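File shown here: structure-v6.txt, holding compact mmCIF, C-alpha atoms.
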```txt
# COMPACT_ATOMS: atom_id res chain seq x y z
CA MET G 1 -39.51 19.19 -17.27
CA LYS G 2 -39.90 16.82 -14.31
CA ASP G 3 -37.59 14.27 -16.00
CA ASN G 4 -34.83 16.89 -16.42
CA GLU G 5 -35.15 17.89 -12.78
CA ASN G 6 -35.00 14.24 -11.72
CA ILE G 7 -31.87 13.64 -13.82
CA LEU G 8 -30.17 16.75 -12.41
CA ASN G 9 -31.00 15.65 -8.85
CA LYS G 10 -29.53 12.21 -9.56
CA LEU G 11 -26.45 13.82 -11.09
CA LYS G 12 -25.91 15.96 -7.99
CA LEU G 13 -26.18 12.89 -5.77
CA TYR G 14 -23.90 10.76 -8.00
CA ASP G 15 -21.34 13.57 -8.23
CA LYS G 16 -21.30 13.97 -4.42
CA PHE G 17 -20.64 10.24 -4.20
CA ALA G 18 -17.80 10.62 -6.75
CA TYR G 19 -16.18 13.38 -4.70
CA VAL G 20 -16.49 11.44 -1.44
CA ILE G 21 -14.98 8.31 -3.03
CA SER G 22 -12.14 10.39 -4.50
CA VAL G 23 -11.31 12.02 -1.15
CA VAL G 24 -11.42 8.65 0.66
CA VAL G 25 -9.08 7.10 -1.92
CA ILE G 26 -6.64 10.01 -1.68
CA PHE G 27 -6.54 9.68 2.11
CA LEU G 28 -6.05 5.92 1.86
CA VAL G 29 -3.13 6.41 -0.51
CA ILE G 30 -1.57 9.02 1.78
CA PHE G 31 -1.97 6.86 4.89
CA MET G 32 -0.71 3.67 3.24
CA ARG G 33 2.75 5.25 3.10
CA GLN G 34 3.10 5.00 6.89
CA GLU G 35 6.24 3.33 8.20
CA ASP G 36 4.55 1.06 10.76
CA LYS G 37 2.67 -1.55 8.77
CA PRO G 38 0.04 -3.73 10.47
CA ASP G 39 0.85 -7.43 10.57
CA PHE G 40 -2.15 -9.56 9.67
CA GLY G 41 -0.06 -12.71 9.65
CA ILE G 42 -0.57 -12.97 5.89
CA ASN G 43 2.02 -12.31 3.20
CA PHE G 44 0.28 -10.17 0.58
CA GLY G 45 3.23 -10.51 -1.83
CA PHE G 46 0.93 -12.25 -4.32
CA LEU G 47 -1.05 -9.03 -4.89
CA PRO G 48 1.25 -6.90 -7.14
CA PRO G 49 1.06 -9.21 -10.18
CA LEU G 50 -2.67 -9.65 -9.59
CA TYR G 51 -3.54 -5.97 -9.30
CA SER G 52 -1.18 -5.15 -12.18
CA ALA G 53 -3.04 -7.68 -14.34
CA LEU G 54 -6.32 -6.03 -13.33
CA ASN G 55 -4.89 -2.68 -14.40
CA ALA G 56 -3.84 -4.16 -17.77
CA LEU G 57 -7.32 -5.67 -18.15
CA THR G 58 -8.78 -2.22 -17.46
CA ALA G 59 -6.71 -0.84 -20.35
CA VAL G 60 -7.99 -3.57 -22.68
CA LEU G 61 -11.58 -2.94 -21.58
CA LEU G 62 -11.16 0.79 -22.22
CA ILE G 63 -9.92 0.14 -25.75
CA LEU G 64 -12.79 -2.27 -26.43
CA ALA G 65 -15.27 0.25 -24.99
CA LEU G 66 -13.98 2.95 -27.33
CA TRP G 67 -14.25 0.57 -30.27
CA GLN G 68 -17.84 -0.25 -29.34
CA ILE G 69 -18.92 3.38 -29.00
CA LYS G 70 -17.28 4.18 -32.35
CA LYS G 71 -19.52 1.44 -33.79
CA LYS G 72 -22.45 3.14 -31.97
CA ASN G 73 -23.03 0.03 -29.85
CA ILE G 74 -24.07 1.82 -26.68
CA GLU G 75 -25.07 -1.29 -24.71
CA ASN G 76 -21.71 -3.02 -25.24
CA HIS G 77 -19.94 0.25 -24.48
CA LYS G 78 -21.84 0.49 -21.18
CA ARG G 79 -21.03 -3.11 -20.25
CA LEU G 80 -17.36 -2.64 -21.03
CA MET G 81 -17.16 0.63 -19.10
CA LEU G 82 -18.89 -0.97 -16.10
CA SER G 83 -16.34 -3.77 -16.34
CA ALA G 84 -13.49 -1.24 -16.52
CA ILE G 85 -14.83 0.48 -13.41
CA GLY G 86 -15.11 -2.94 -11.72
CA THR G 87 -11.57 -4.01 -12.56
CA SER G 88 -10.33 -0.60 -11.39
CA VAL G 89 -12.12 -1.02 -8.05
CA LEU G 90 -10.60 -4.49 -7.62
CA PHE G 91 -7.18 -3.10 -8.60
CA LEU G 92 -7.49 -0.31 -6.06
CA ALA G 93 -8.55 -2.70 -3.27
CA GLY G 94 -5.54 -4.95 -3.92
CA TYR G 95 -3.16 -2.03 -4.29
CA VAL G 96 -4.23 -0.37 -1.06
CA LEU G 97 -4.23 -3.66 0.89
CA TYR G 98 -0.74 -4.51 -0.34
CA HIS G 99 0.70 -1.07 0.41
CA PHE G 100 -0.98 -0.86 3.82
CA THR G 101 0.62 -4.13 4.90
CA THR G 102 3.94 -4.35 3.06
CA PRO G 103 7.09 -2.20 3.20
CA GLU G 104 7.81 -0.17 0.09
CA THR G 105 9.90 -1.81 -2.62
CA LYS G 106 12.70 0.43 -3.90
CA TYR G 107 13.53 0.43 -7.59
CA CYS G 108 16.77 -1.50 -8.17
CA GLY G 109 17.45 -0.70 -11.83
CA ILE G 110 20.65 1.12 -12.69
CA GLY G 111 21.67 3.47 -15.44
CA SER G 112 19.46 5.58 -17.67
CA ILE G 113 16.51 3.18 -17.31
CA ARG G 114 16.04 4.71 -13.83
CA TYR G 115 15.10 8.05 -15.42
CA PHE G 116 12.51 6.36 -17.59
CA TYR G 117 11.14 4.37 -14.62
CA PHE G 118 10.84 7.47 -12.43
CA PHE G 119 9.28 9.47 -15.27
CA LEU G 120 6.63 6.76 -15.70
CA LEU G 121 6.14 6.45 -11.94
CA ILE G 122 5.77 10.18 -11.29
CA THR G 123 3.42 10.81 -14.22
CA HIS G 124 1.44 7.68 -13.30
CA ILE G 125 1.01 8.72 -9.66
CA ILE G 126 0.06 12.32 -10.45
CA LEU G 127 -2.41 11.37 -13.17
CA ALA G 128 -3.90 8.47 -11.18
CA GLY G 129 -4.63 10.79 -8.26
CA ALA G 130 -5.93 13.63 -10.41
CA ILE G 131 -8.02 11.59 -12.84
CA LEU G 132 -10.12 9.54 -10.39
CA PRO G 133 -12.84 12.12 -9.70
CA PHE G 134 -13.07 12.91 -13.40
CA ILE G 135 -13.45 9.24 -14.30
CA LEU G 136 -16.36 9.04 -11.89
CA LEU G 137 -17.91 12.31 -13.10
CA THR G 138 -17.65 11.13 -16.71
CA PHE G 139 -19.14 7.78 -15.74
CA ASN G 140 -22.05 9.52 -13.99
CA ARG G 141 -22.91 11.52 -17.10
CA GLY G 142 -22.80 8.40 -19.24
CA LEU G 143 -24.91 6.46 -16.76
CA LEU G 144 -27.56 9.18 -16.85
CA MET G 145 -27.36 9.33 -20.67
CA MET G 146 -26.19 12.94 -20.65
CA THR G 147 -24.44 12.17 -23.91
CA ASP G 148 -23.05 15.59 -24.83
CA LYS G 149 -21.57 16.22 -21.38
CA HIS G 150 -20.30 12.63 -21.23
CA LYS G 151 -18.52 13.05 -24.58
CA ARG G 152 -16.97 16.38 -23.53
CA PHE G 153 -15.52 14.83 -20.38
CA ALA G 154 -14.52 11.55 -22.05
CA ARG G 155 -12.48 13.26 -24.79
CA TRP G 156 -9.77 14.16 -22.29
CA VAL G 157 -10.48 11.77 -19.38
CA TYR G 158 -10.27 8.63 -21.54
CA PRO G 159 -6.67 9.04 -22.79
CA LEU G 160 -5.44 9.93 -19.30
CA TRP G 161 -7.20 6.90 -17.76
CA LEU G 162 -5.79 4.71 -20.51
CA TYR G 163 -2.28 6.07 -19.84
CA VAL G 164 -2.64 5.28 -16.12
CA ALA G 165 -4.01 1.80 -16.89
CA PHE G 166 -1.06 1.02 -19.21
CA THR G 167 1.73 2.57 -17.16
CA GLY G 168 0.70 0.76 -13.96
CA PRO G 169 1.57 -2.71 -15.32
CA ALA G 170 4.67 -1.30 -17.06
CA ILE G 171 5.88 0.07 -13.72
CA TYR G 172 5.16 -3.28 -12.06
CA LEU G 173 7.16 -5.15 -14.71
CA MET G 174 10.09 -2.79 -14.23
CA LEU G 175 9.86 -3.12 -10.43
CA ALA G 176 9.23 -6.90 -10.32
CA PRO G 177 12.94 -7.90 -10.16
CA CYS G 178 13.33 -5.66 -7.10
CA TYR G 179 10.75 -7.39 -4.89
CA ASP G 180 11.97 -9.50 -1.97
CA HIS G 181 10.92 -13.04 -2.81
```

Rewrite the coordinates I just gave you, this time as structure tokens.
Amino acid sequence: MKDNENILNKLKLYDKFAYVISVVVIFLVIFMRQEDKPDFGINFGFLPPLYSALNALTAVLLILALWQIKKKNIENHKRLMLSAIGTSVLFLAGYVLYHFTTPETKYCGIGSIRYFYFFLLITHIILAGAILPFILLTFNRGLLMMTDKHKRFARWVYPLWLYVAFTGPAIYLMLAPCYDH
């Protein structure tokens, strides 16, 4: 009984942390759209390919993690999911730094490809913002070995996270010709 109470107390604490992190990230993303960008005297133009690669790596790690859990290899699944969280954190740090310091790049493609680009972009942005707290909540349940709850969350969180992780690099590749070099 004491163990269950201890796990529930940890879950409450971890979930509070997940909500705080999610709110902070949302505010950062909102504020990075400001017109007046700070000048640190550094050109952060090298970041988009780097953080896009981290996003692609996250997608690969997610696929490998699913494969490992299907094989019932819990330890490898945990390692891969921790790695996916890590690459996502690094992605987010690079993304926010770049967008806080660099003017927005407008999409330069013409024709019907624009509709596809904006469809990917809009769905990516909406899902990326909405999915973050659920990724963290799912992670918390896995970390605390609350297997049934973790599985219930992961069934719908996983494909959305994977979509976000794949569409991010796709959007970058479509936008890459439009960057000022």

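Shell of range 25-40 of chain G at 6 Å, with all atoms listed in the file counted and residues fewer than 3 places along the chain excluded, is Ser22, His99, Phe100 and Thr101 of chain G.
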
Which residue of G:Gly142, G:Gly45, G:Gly86, G:Pro133 approaches Leu11 in chain G most closely, using all atoms listed in the file: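 The shortest atom-to-atom distance to Leu11 in chain G comes from G:Gly142.
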
For Ile135 in chain G, the nearest of the candidates G:Phe153, G:Phe44, G:Tyr179, G:Tyr117, counting all atoms listed in the file: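 The shortest atom-to-atom distance to Ile135 in chain G comes from G:Phe153.
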
Distance query Phe166 in chain G at most 10 Å, only C-alpha atoms, self and fewer than 3 positions along chain excluded, as a list in words: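 Counting only C-alpha atoms, the residues come to Ser52, Asn55, Ala56, Leu57, Thr58, Ala59, Val60, His124, Leu160, Trp161, Leu162, Tyr163, Pro169, Ala170 and Ile171 of chain G.
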
For the selection you just gave me, I'd like the residues written to a file as an mmCIF file, keeping the file's coordinate frame, keeping C-alpha atoms.
```cif
data_model
loop_
_atom_site.group_PDB
_atom_site.id
_atom_site.type_symbol
_atom_site.label_atom_id
_atom_site.label_comp_id
_atom_site.auth_asym_id
_atom_site.auth_seq_id
_atom_site.Cartn_x
_atom_site.Cartn_y
_atom_site.Cartn_z
ATOM 1 C CA SER G 52 -1.180 -5.150 -12.180
ATOM 2 C CA ASN G 55 -4.890 -2.680 -14.400
ATOM 3 C CA ALA G 56 -3.840 -4.160 -17.770
ATOM 4 C CA LEU G 57 -7.320 -5.670 -18.150
ATOM 5 C CA THR G 58 -8.780 -2.220 -17.460
ATOM 6 C CA ALA G 59 -6.710 -0.840 -20.350
ATOM 7 C CA VAL G 60 -7.990 -3.570 -22.680
ATOM 8 C CA HIS G 124 1.440 7.680 -13.300
ATOM 9 C CA LEU G 160 -5.440 9.930 -19.300
ATOM 10 C CA TRP G 161 -7.200 6.900 -17.760
ATOM 11 C CA LEU G 162 -5.790 4.710 -20.510
ATOM 12 C CA TYR G 163 -2.280 6.070 -19.840
ATOM 13 C CA PRO G 169 1.570 -2.710 -15.320
ATOM 14 C CA ALA G 170 4.670 -1.300 -17.060
ATOM 15 C CA ILE G 171 5.880 0.070 -13.720
#
```

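One distance worth recording is that between CA of Ala53 in chain G and CA of Tyr95 in chain G, which is 11.5 Å.
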